[in-house]
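For reference, upload_17.cif is printed below; it contains mmCIF, N, CA and C atoms.
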data_coords
loop_
_atom_site.group_PDB
_atom_site.id
_atom_site.type_symbol
_atom_site.label_atom_id
_atom_site.label_comp_id
_atom_site.auth_asym_id
_atom_site.auth_seq_id
_atom_site.Cartn_x
_atom_site.Cartn_y
_atom_site.Cartn_z
ATOM 1 N N ASN A 1 68.154 -149.049 -144.135
ATOM 2 C CA ASN A 1 68.777 -150.035 -145.017
ATOM 3 C C ASN A 1 68.552 -149.653 -146.475
ATOM 4 N N GLU A 2 69.240 -150.343 -147.373
ATOM 5 C CA GLU A 2 69.239 -149.946 -148.784
ATOM 6 C C GLU A 2 67.852 -149.983 -149.429
ATOM 7 N N SER A 3 67.061 -151.017 -149.124
ATOM 8 C CA SER A 3 65.751 -151.118 -149.784
ATOM 9 C C SER A 3 64.802 -150.025 -149.289
ATOM 10 N N GLU A 4 64.922 -149.637 -148.016
ATOM 11 C CA GLU A 4 64.085 -148.540 -147.504
ATOM 12 C C GLU A 4 64.459 -147.229 -148.183
ATOM 13 N N ILE A 5 65.763 -146.991 -148.332
ATOM 14 C CA ILE A 5 66.215 -145.768 -149.001
ATOM 15 C C ILE A 5 65.740 -145.776 -150.453
ATOM 16 N N LYS A 6 65.862 -146.922 -151.110
ATOM 17 C CA LYS A 6 65.428 -147.011 -152.507
ATOM 18 C C LYS A 6 63.934 -146.708 -152.629
ATOM 19 N N ASP A 7 63.122 -147.245 -151.698
ATOM 20 C CA ASP A 7 61.683 -146.963 -151.717
ATOM 21 C C ASP A 7 61.429 -145.468 -151.571
ATOM 22 N N ARG A 8 62.182 -144.822 -150.676
ATOM 23 C CA ARG A 8 62.005 -143.381 -150.470
ATOM 24 C C ARG A 8 62.454 -142.591 -151.701
ATOM 25 N N VAL A 9 63.520 -143.059 -152.359
ATOM 26 C CA VAL A 9 63.978 -142.403 -153.586
ATOM 27 C C VAL A 9 62.864 -142.455 -154.635
ATOM 28 N N VAL A 10 62.241 -143.626 -154.793
ATOM 29 C CA VAL A 10 61.155 -143.767 -155.771
ATOM 30 C C VAL A 10 60.001 -142.831 -155.407
ATOM 31 N N GLU A 11 59.668 -142.742 -154.112
ATOM 32 C CA GLU A 11 58.602 -141.826 -153.680
ATOM 33 C C GLU A 11 58.932 -140.389 -154.063
ATOM 34 N N VAL A 12 60.190 -139.987 -153.846
ATOM 35 C CA VAL A 12 60.611 -138.626 -154.187
ATOM 36 C C VAL A 12 60.549 -138.407 -155.696
ATOM 37 N N LEU A 13 60.989 -139.400 -156.467
ATOM 38 C CA LEU A 13 60.968 -139.268 -157.924
ATOM 39 C C LEU A 13 59.539 -139.079 -158.441
ATOM 40 N N GLN A 14 58.574 -139.630 -157.709
ATOM 41 C CA GLN A 14 57.173 -139.503 -158.115
ATOM 42 C C GLN A 14 56.602 -138.117 -157.806
ATOM 43 N N THR A 15 57.414 -137.247 -157.182
ATOM 44 C CA THR A 15 56.972 -135.872 -156.922
ATOM 45 C C THR A 15 57.593 -134.891 -157.918
ATOM 46 N N ILE A 16 58.413 -135.403 -158.839
ATOM 47 C CA ILE A 16 59.101 -134.547 -159.814
ATOM 48 C C ILE A 16 58.412 -134.713 -161.165
ATOM 49 N N PHE A 17 58.004 -133.589 -161.731
ATOM 50 C CA PHE A 17 57.237 -133.638 -162.971
ATOM 51 C C PHE A 17 58.005 -133.060 -164.145
ATOM 52 N N ASP A 18 57.810 -133.679 -165.307
ATOM 53 C CA ASP A 18 58.330 -133.120 -166.546
ATOM 54 C C ASP A 18 57.556 -131.818 -166.769
ATOM 55 N N PRO A 19 58.247 -130.700 -167.047
ATOM 56 C CA PRO A 19 57.538 -129.420 -167.175
ATOM 57 C C PRO A 19 56.544 -129.380 -168.336
ATOM 58 N N GLU A 20 56.698 -130.283 -169.298
ATOM 59 C CA GLU A 20 55.814 -130.243 -170.462
ATOM 60 C C GLU A 20 54.648 -131.222 -170.350
ATOM 61 N N LEU A 21 54.701 -132.116 -169.369
ATOM 62 C CA LEU A 21 53.666 -133.143 -169.242
ATOM 63 C C LEU A 21 53.181 -133.225 -167.797
ATOM 64 N N PRO A 22 51.883 -133.472 -167.592
ATOM 65 C CA PRO A 22 51.333 -133.507 -166.227
ATOM 66 C C PRO A 22 51.532 -134.859 -165.547
ATOM 67 N N VAL A 23 52.674 -135.472 -165.781
ATOM 68 C CA VAL A 23 52.943 -136.803 -165.236
ATOM 69 C C VAL A 23 54.337 -136.792 -164.616
ATOM 70 N N ASN A 24 54.509 -137.504 -163.490
ATOM 71 C CA ASN A 24 55.827 -137.501 -162.845
ATOM 72 C C ASN A 24 56.833 -138.323 -163.656
ATOM 73 N N ILE A 25 58.114 -138.022 -163.445
ATOM 74 C CA ILE A 25 59.175 -138.616 -164.267
ATOM 75 C C ILE A 25 59.296 -140.128 -164.067
ATOM 76 N N PHE A 26 58.862 -140.628 -162.906
ATOM 77 C CA PHE A 26 58.923 -142.072 -162.668
ATOM 78 C C PHE A 26 57.882 -142.788 -163.518
ATOM 79 N N GLU A 27 56.641 -142.272 -163.489
ATOM 80 C CA GLU A 27 55.565 -142.879 -164.291
ATOM 81 C C GLU A 27 55.817 -142.694 -165.789
ATOM 82 N N LEU A 28 56.520 -141.632 -166.154
ATOM 83 C CA LEU A 28 56.849 -141.411 -167.572
ATOM 84 C C LEU A 28 57.863 -142.436 -168.085
ATOM 85 N N GLY A 29 58.534 -143.123 -167.145
ATOM 86 C CA GLY A 29 59.543 -144.091 -167.575
ATOM 87 C C GLY A 29 60.897 -143.453 -167.829
ATOM 88 N N LEU A 30 61.108 -142.259 -167.283
ATOM 89 C CA LEU A 30 62.385 -141.572 -167.499
ATOM 90 C C LEU A 30 63.484 -142.079 -166.567
ATOM 91 N N ILE A 31 63.091 -142.821 -165.526
ATOM 92 C CA ILE A 31 64.072 -143.362 -164.589
ATOM 93 C C ILE A 31 64.379 -144.798 -165.004
ATOM 94 N N TYR A 32 65.606 -145.033 -165.437
ATOM 95 C CA TYR A 32 65.999 -146.364 -165.898
ATOM 96 C C TYR A 32 66.517 -147.238 -164.766
ATOM 97 N N LYS A 33 67.147 -146.617 -163.768
ATOM 98 C CA LYS A 33 67.752 -147.424 -162.708
ATOM 99 C C LYS A 33 67.912 -146.583 -161.454
ATOM 100 N N VAL A 34 67.654 -147.205 -160.291
ATOM 101 C CA VAL A 34 67.951 -146.597 -159.001
ATOM 102 C C VAL A 34 68.720 -147.642 -158.210
ATOM 103 N N GLU A 35 69.936 -147.300 -157.808
ATOM 104 C CA GLU A 35 70.748 -148.217 -157.008
ATOM 105 C C GLU A 35 71.172 -147.516 -155.732
ATOM 106 N N VAL A 36 71.161 -148.268 -154.631
ATOM 107 C CA VAL A 36 71.617 -147.736 -153.346
ATOM 108 C C VAL A 36 72.636 -148.718 -152.789
ATOM 109 N N ASN A 37 73.828 -148.218 -152.414
ATOM 110 C CA ASN A 37 74.810 -149.138 -151.825
ATOM 111 C C ASN A 37 74.807 -148.991 -150.305
ATOM 112 N N GLU A 38 75.610 -149.800 -149.640
ATOM 113 C CA GLU A 38 75.622 -149.843 -148.175
ATOM 114 C C GLU A 38 75.913 -148.509 -147.521
ATOM 115 N N GLY A 39 76.700 -147.684 -148.158
ATOM 116 C CA GLY A 39 77.057 -146.399 -147.570
ATOM 117 C C GLY A 39 76.006 -145.320 -147.737
ATOM 118 N N GLY A 40 74.877 -145.671 -148.339
ATOM 119 C CA GLY A 40 73.842 -144.674 -148.572
ATOM 120 C C GLY A 40 74.091 -143.835 -149.808
ATOM 121 N N ASN A 41 74.964 -144.326 -150.685
ATOM 122 C CA ASN A 41 75.199 -143.643 -151.951
ATOM 123 C C ASN A 41 74.119 -144.073 -152.941
ATOM 124 N N VAL A 42 73.507 -143.102 -153.588
ATOM 125 C CA VAL A 42 72.406 -143.379 -154.513
ATOM 126 C C VAL A 42 72.862 -143.055 -155.930
ATOM 127 N N PHE A 43 72.605 -143.990 -156.848
ATOM 128 C CA PHE A 43 72.888 -143.788 -158.265
ATOM 129 C C PHE A 43 71.558 -143.818 -159.006
ATOM 130 N N VAL A 44 71.288 -142.763 -159.771
ATOM 131 C CA VAL A 44 70.067 -142.696 -160.577
ATOM 132 C C VAL A 44 70.480 -142.569 -162.035
ATOM 133 N N LEU A 45 70.023 -143.519 -162.846
ATOM 134 C CA LEU A 45 70.234 -143.451 -164.291
ATOM 135 C C LEU A 45 68.901 -143.044 -164.899
ATOM 136 N N MET A 46 68.913 -141.935 -165.608
ATOM 137 C CA MET A 46 67.663 -141.415 -166.156
ATOM 138 C C MET A 46 67.861 -140.904 -167.567
ATOM 139 N N THR A 47 66.742 -140.639 -168.217
ATOM 140 C CA THR A 47 66.774 -140.027 -169.531
ATOM 141 C C THR A 47 65.787 -138.881 -169.529
ATOM 142 N N LEU A 48 65.653 -138.216 -170.651
ATOM 143 C CA LEU A 48 64.684 -137.140 -170.814
ATOM 144 C C LEU A 48 63.865 -137.459 -172.051
ATOM 145 N N THR A 49 62.713 -136.810 -172.189
ATOM 146 C CA THR A 49 61.841 -137.150 -173.319
ATOM 147 C C THR A 49 62.489 -136.824 -174.659
ATOM 148 N N ALA A 50 63.380 -135.823 -174.687
ATOM 149 C CA ALA A 50 64.085 -135.472 -175.930
ATOM 150 C C ALA A 50 65.371 -134.738 -175.579
ATOM 151 N N PRO A 51 66.433 -134.909 -176.389
ATOM 152 C CA PRO A 51 67.699 -134.223 -176.108
ATOM 153 C C PRO A 51 67.548 -132.714 -176.003
ATOM 154 N N GLY A 52 66.628 -132.128 -176.751
ATOM 155 C CA GLY A 52 66.438 -130.679 -176.709
ATOM 156 C C GLY A 52 65.430 -130.246 -175.657
ATOM 157 N N CYS A 53 65.042 -131.163 -174.800
ATOM 158 C CA CYS A 53 64.058 -130.896 -173.756
ATOM 159 C C CYS A 53 64.489 -129.699 -172.910
ATOM 160 N N PRO A 54 63.590 -128.720 -172.689
ATOM 161 C CA PRO A 54 63.949 -127.552 -171.883
ATOM 162 C C PRO A 54 64.401 -127.930 -170.469
ATOM 163 N N ALA A 55 63.977 -129.097 -170.004
ATOM 164 C CA ALA A 55 64.315 -129.530 -168.653
ATOM 165 C C ALA A 55 65.643 -130.278 -168.594
ATOM 166 N N ALA A 56 66.362 -130.319 -169.725
ATOM 167 C CA ALA A 56 67.609 -131.094 -169.776
ATOM 168 C C ALA A 56 68.585 -130.695 -168.679
ATOM 169 N N GLN A 57 68.593 -129.430 -168.300
ATOM 170 C CA GLN A 57 69.484 -128.974 -167.239
ATOM 171 C C GLN A 57 68.822 -129.073 -165.868
ATOM 172 N N SER A 58 67.555 -128.687 -165.798
ATOM 173 C CA SER A 58 66.899 -128.555 -164.497
ATOM 174 C C SER A 58 66.427 -129.880 -163.902
ATOM 175 N N LEU A 59 65.955 -130.810 -164.723
ATOM 176 C CA LEU A 59 65.393 -132.047 -164.188
ATOM 177 C C LEU A 59 66.422 -132.913 -163.453
ATOM 178 N N PRO A 60 67.591 -133.195 -164.041
ATOM 179 C CA PRO A 60 68.586 -133.979 -163.289
ATOM 180 C C PRO A 60 69.027 -133.270 -162.007
ATOM 181 N N LEU A 61 69.105 -131.947 -162.031
ATOM 182 C CA LEU A 61 69.480 -131.176 -160.855
ATOM 183 C C LEU A 61 68.408 -131.313 -159.765
ATOM 184 N N GLU A 62 67.142 -131.251 -160.176
ATOM 185 C CA GLU A 62 66.040 -131.404 -159.221
ATOM 186 C C GLU A 62 66.057 -132.801 -158.598
ATOM 187 N N VAL A 63 66.322 -133.835 -159.427
ATOM 188 C CA VAL A 63 66.429 -135.199 -158.911
ATOM 189 C C VAL A 63 67.538 -135.263 -157.864
ATOM 190 N N ASP A 64 68.698 -134.729 -158.198
ATOM 191 C CA ASP A 64 69.844 -134.725 -157.293
ATOM 192 C C ASP A 64 69.487 -134.049 -155.965
ATOM 193 N N GLN A 65 68.923 -132.845 -156.038
ATOM 194 C CA GLN A 65 68.624 -132.078 -154.836
ATOM 195 C C GLN A 65 67.603 -132.780 -153.949
ATOM 196 N N LYS A 66 66.536 -133.305 -154.548
ATOM 197 C CA LYS A 66 65.476 -133.928 -153.745
ATOM 198 C C LYS A 66 65.932 -135.252 -153.130
ATOM 199 N N VAL A 67 66.728 -136.028 -153.872
ATOM 200 C CA VAL A 67 67.209 -137.308 -153.338
ATOM 201 C C VAL A 67 68.181 -137.053 -152.182
ATOM 202 N N ARG A 68 68.991 -136.001 -152.274
ATOM 203 C CA ARG A 68 69.940 -135.657 -151.204
ATOM 204 C C ARG A 68 69.246 -135.352 -149.877
ATOM 205 N N GLU A 69 67.989 -134.914 -149.940
ATOM 206 C CA GLU A 69 67.256 -134.543 -148.724
ATOM 207 C C GLU A 69 66.732 -135.759 -147.963
ATOM 208 N N ILE A 70 66.806 -136.937 -148.560
ATOM 209 C CA ILE A 70 66.291 -138.151 -147.926
ATOM 210 C C ILE A 70 67.243 -138.590 -146.817
ATOM 211 N N GLY A 71 66.691 -138.898 -145.651
ATOM 212 C CA GLY A 71 67.506 -139.377 -144.544
ATOM 213 C C GLY A 71 68.215 -140.670 -144.910
ATOM 214 N N GLY A 72 69.489 -140.770 -144.570
ATOM 215 C CA GLY A 72 70.251 -141.976 -144.869
ATOM 216 C C GLY A 72 71.034 -141.908 -146.164
ATOM 217 N N VAL A 73 70.740 -140.897 -146.981
ATOM 218 C CA VAL A 73 71.463 -140.737 -148.248
ATOM 219 C C VAL A 73 72.729 -139.927 -147.978
ATOM 220 N N SER A 74 73.884 -140.501 -148.339
ATOM 221 C CA SER A 74 75.133 -139.786 -148.112
ATOM 222 C C SER A 74 75.653 -139.093 -149.368
ATOM 223 N N ASP A 75 75.377 -139.647 -150.531
ATOM 224 C CA ASP A 75 75.811 -139.014 -151.772
ATOM 225 C C ASP A 75 74.877 -139.441 -152.897
ATOM 226 N N VAL A 76 74.813 -138.620 -153.949
ATOM 227 C CA VAL A 76 73.927 -138.882 -155.077
ATOM 228 C C VAL A 76 74.693 -138.684 -156.370
ATOM 229 N N LEU A 77 74.514 -139.600 -157.296
ATOM 230 C CA LEU A 77 75.049 -139.444 -158.644
ATOM 231 C C LEU A 77 73.887 -139.634 -159.612
ATOM 232 N N VAL A 78 73.560 -138.585 -160.346
ATOM 233 C CA VAL A 78 72.507 -138.653 -161.356
ATOM 234 C C VAL A 78 73.184 -138.630 -162.714
ATOM 235 N N THR A 79 72.942 -139.651 -163.507
ATOM 236 C CA THR A 79 73.527 -139.733 -164.848
ATOM 237 C C THR A 79 72.405 -139.741 -165.871
ATOM 238 N N VAL A 80 72.542 -138.892 -166.891
ATOM 239 C CA VAL A 80 71.557 -138.846 -167.976
ATOM 240 C C VAL A 80 72.111 -139.640 -169.151
ATOM 241 N N THR A 81 71.280 -140.518 -169.684
ATOM 242 C CA THR A 81 71.678 -141.320 -170.844
ATOM 243 C C THR A 81 70.640 -141.150 -171.946
ATOM 244 N N TRP A 82 71.067 -141.366 -173.169
ATOM 245 C CA TRP A 82 70.128 -141.329 -174.307
ATOM 246 C C TRP A 82 69.968 -142.733 -174.887
ATOM 247 N N GLU A 83 70.545 -143.740 -174.206
ATOM 248 C CA GLU A 83 70.445 -145.132 -174.662
ATOM 249 C C GLU A 83 69.790 -145.974 -173.576
ATOM 250 N N PRO A 84 68.732 -146.660 -173.817
ATOM 251 C CA PRO A 84 67.918 -146.554 -175.041
ATOM 252 C C PRO A 84 67.140 -145.239 -175.057
ATOM 253 N N ALA A 85 66.822 -144.776 -176.233
ATOM 254 C CA ALA A 85 66.064 -143.533 -176.355
ATOM 255 C C ALA A 85 64.668 -143.734 -175.765
ATOM 256 N N TRP A 86 64.176 -142.726 -175.071
ATOM 257 C CA TRP A 86 62.850 -142.808 -174.459
ATOM 258 C C TRP A 86 61.780 -142.828 -175.542
ATOM 259 N N ASN A 87 60.738 -143.599 -175.295
ATOM 260 C CA ASN A 87 59.568 -143.535 -176.165
ATOM 261 C C ASN A 87 58.322 -143.766 -175.326
ATOM 262 N N LYS A 88 57.171 -143.498 -175.905
ATOM 263 C CA LYS A 88 55.910 -143.530 -175.154
ATOM 264 C C LYS A 88 55.614 -144.889 -174.524
ATOM 265 N N SER A 89 56.159 -145.966 -175.091
ATOM 266 C CA SER A 89 55.866 -147.297 -174.540
ATOM 267 C C SER A 89 56.507 -147.511 -173.170
ATOM 268 N N MET A 90 57.443 -146.649 -172.776
ATOM 269 C CA MET A 90 58.122 -146.779 -171.483
ATOM 270 C C MET A 90 57.286 -146.210 -170.327
ATOM 271 N N MET A 91 56.207 -145.508 -170.672
ATOM 272 C CA MET A 91 55.362 -144.926 -169.631
ATOM 273 C C MET A 91 54.524 -146.014 -168.970
ATOM 274 N N SER A 92 54.178 -145.775 -167.711
ATOM 275 C CA SER A 92 53.269 -146.682 -167.020
ATOM 276 C C SER A 92 51.884 -146.552 -167.661
ATOM 277 N N GLU A 93 51.023 -147.536 -167.410
ATOM 278 C CA GLU A 93 49.656 -147.452 -167.940
ATOM 279 C C GLU A 93 48.956 -146.208 -167.417
ATOM 280 N N ALA A 94 49.206 -145.881 -166.141
ATOM 281 C CA ALA A 94 48.578 -144.694 -165.553
ATOM 282 C C ALA A 94 48.972 -143.438 -166.318
ATOM 283 N N ALA A 95 50.276 -143.330 -166.654
ATOM 284 C CA ALA A 95 50.748 -142.160 -167.390
ATOM 285 C C ALA A 95 50.140 -142.124 -168.792
ATOM 286 N N GLN A 96 50.059 -143.286 -169.438
ATOM 287 C CA GLN A 96 49.485 -143.327 -170.786
ATOM 288 C C GLN A 96 48.008 -142.924 -170.755
ATOM 289 N N LEU A 97 47.293 -143.363 -169.714
ATOM 290 C CA LEU A 97 45.897 -142.978 -169.574
ATOM 291 C C LEU A 97 45.788 -141.475 -169.330
ATOM 292 N N GLU A 98 46.625 -140.955 -168.430
ATOM 293 C CA GLU A 98 46.610 -139.525 -168.089
ATOM 294 C C GLU A 98 46.826 -138.665 -169.321
ATOM 295 N N LEU A 99 47.701 -139.114 -170.205
ATOM 296 C CA LEU A 99 48.043 -138.335 -171.391
ATOM 297 C C LEU A 99 47.198 -138.692 -172.618
ATOM 298 N N GLY A 100 46.261 -139.628 -172.431
ATOM 299 C CA GLY A 100 45.361 -139.985 -173.521
ATOM 300 C C GLY A 100 45.980 -140.854 -174.594
ATOM 301 N N PHE A 101 47.007 -141.643 -174.230
ATOM 302 C CA PHE A 101 47.630 -142.518 -175.221
ATOM 303 C C PHE A 101 46.985 -143.905 -175.242
ATOM 304 N N MET A 102 46.009 -144.154 -174.357
ATOM 305 C CA MET A 102 45.369 -145.473 -174.325
ATOM 306 C C MET A 102 43.890 -145.320 -174.603
#

Please render this file's structure as structure tokens.
Amino acid sequence: NESEIKDRVVEVLQTIFDPELPVNIFELGLIYKVEVNEGGNVFVLMTLTAPGCPAAQSLPLEVDQKVREIGGVSDVLVTVTWEPAWNKSMMSEAAQLELGFM
């Protein structure tokens, strides 16, 4: 069902790391939205830490590839947005602690 797939998507997102930071993209707050519809189509709205981020090409592709491997997922759409712009306050407390921001 949709909520199980969404939970698995979040688990997968927690295995993907920003190449410049030792924290996964979910805890960094780079994932703005995860939606799953009845057909198993997954929509991920995400951002990157900066427009010039070296991972600008590779990170959305990695998200797409890993989410596609989840059972029950029929299609994936990963969209990168710059609105709102990412900032350090979007990170989880765990990520802020890991990076020494707290």

Compile the contact shell of stretch 15-32 of chain A as a PDB file with N, CA and C atoms, in the frame of the given file: residues with an atom at most 6.5 Å away, counting only N, CA and C atoms, same-chain residues fewer than 6 positions apart removed.
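Output (out-v5.pdb):
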ATOM      1  N   VAL A  44      71.288-142.763-159.771  1.00  0.00           N
ATOM      2  CA  VAL A  44      70.067-142.696-160.577  1.00  0.00           C
ATOM      3  C   VAL A  44      70.480-142.569-162.035  1.00  0.00           C
ATOM      4  N   LEU A  45      70.023-143.519-162.846  1.00  0.00           N
ATOM      5  CA  LEU A  45      70.234-143.451-164.291  1.00  0.00           C
ATOM      6  C   LEU A  45      68.901-143.044-164.899  1.00  0.00           C
ATOM      7  N   MET A  46      68.913-141.935-165.608  1.00  0.00           N
ATOM      8  CA  MET A  46      67.663-141.415-166.156  1.00  0.00           C
ATOM      9  C   MET A  46      67.861-140.904-167.567  1.00  0.00           C
ATOM     10  N   THR A  47      66.742-140.639-168.217  1.00  0.00           N
ATOM     11  CA  THR A  47      66.774-140.027-169.531  1.00  0.00           C
ATOM     12  C   THR A  47      65.787-138.881-169.529  1.00  0.00           C
ATOM     13  N   LEU A  48      65.653-138.216-170.651  1.00  0.00           N
ATOM     14  CA  LEU A  48      64.684-137.140-170.814  1.00  0.00           C
ATOM     15  C   LEU A  48      63.865-137.459-172.051  1.00  0.00           C
ATOM     16  N   ALA A  55      63.977-129.097-170.004  1.00  0.00           N
ATOM     17  CA  ALA A  55      64.315-129.530-168.653  1.00  0.00           C
ATOM     18  C   ALA A  55      65.643-130.278-168.594  1.00  0.00           C
ATOM     19  N   MET A  90      57.443-146.649-172.776  1.00  0.00           N
ATOM     20  CA  MET A  90      58.122-146.779-171.483  1.00  0.00           C
ATOM     21  C   MET A  90      57.286-146.210-170.327  1.00  0.00           C
ATOM     22  N   MET A  91      56.207-145.508-170.672  1.00  0.00           N
ATOM     23  CA  MET A  91      55.362-144.926-169.631  1.00  0.00           C
ATOM     24  C   MET A  91      54.524-146.014-168.970  1.00  0.00           C
ATOM     25  N   SER A  92      54.178-145.775-167.711  1.00  0.00           N
ATOM     26  CA  SER A  92      53.269-146.682-167.020  1.00  0.00           C
ATOM     27  C   SER A  92      51.884-146.552-167.661  1.00  0.00           C
ATOM     28  N   ALA A  95      50.276-143.330-166.654  1.00  0.00           N
ATOM     29  CA  ALA A  95      50.748-142.160-167.390  1.00  0.00           C
ATOM     30  C   ALA A  95      50.140-142.124-168.792  1.00  0.00           C
TER      31      ALA A  95
END

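A straight-line distance of 18.0 Å separates atom N of A:Glu11 from atom N of A:Glu38.
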
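Remark: for A:Phe43, the closest of the candidate residues A:Leu99, A:Leu77, A:Ile5, A:Ala94 is A:Leu77 (distances computed over only N, CA and C atoms).
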
Per-residue DSSP, stretch 9-95 of chain A, filtered to helix (DSSP H, G or I), as a PyMOL selection string: chain A and resi 9-13+54-56+58-68+88-90+93-95

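The gap separating atom N of A:Pro84 from atom CA of A:Cys53 is 16.4 Å, in Å to one decimal.
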
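Going from atom C of A:Asp75 over to atom CA of A:Arg8, you cover 13.7 Å.
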
List the residues selected by the PyMOL selection byres ((chain A and resi 62-73) around 6.5) in the file shown, writing them as a VMD selection string. chain A and resid 9 12 39 to 42 57 to 61 74 to 76 78

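Compared by their closest atoms to A:Ser3, and using all atoms listed in the file, the residues A:Val36, A:Ala85, A:Val80, A:Leu97 rank with A:Val36 nearest.
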
Using the file's own x, y and z axes, so that the box edges lie along x, y and z, what centre and edge lengths in Å (one decimal) does a box around every listed atom of stretch 48-51 of chain A get when 8 Å is added on each side? Give it as AutoDock Vina command-line options.
--center_x 64.8 --center_y -135.5 --center_z -173.5 --size_x 21.9 --size_y 21.5 --size_z 21.7

List every residue of chain A that DSSP, applied to the backbone, labels as strand (DSSP E), and write the result as a PyMOL selection string. chain A and resi 31-36+41-46+75-80

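Between A:Asn87 and the candidates A:Asp7, A:Val34, A:Thr49, A:Gln14, the tightest atom-to-atom separation, counting only C-alpha atoms, involves A:Thr49.
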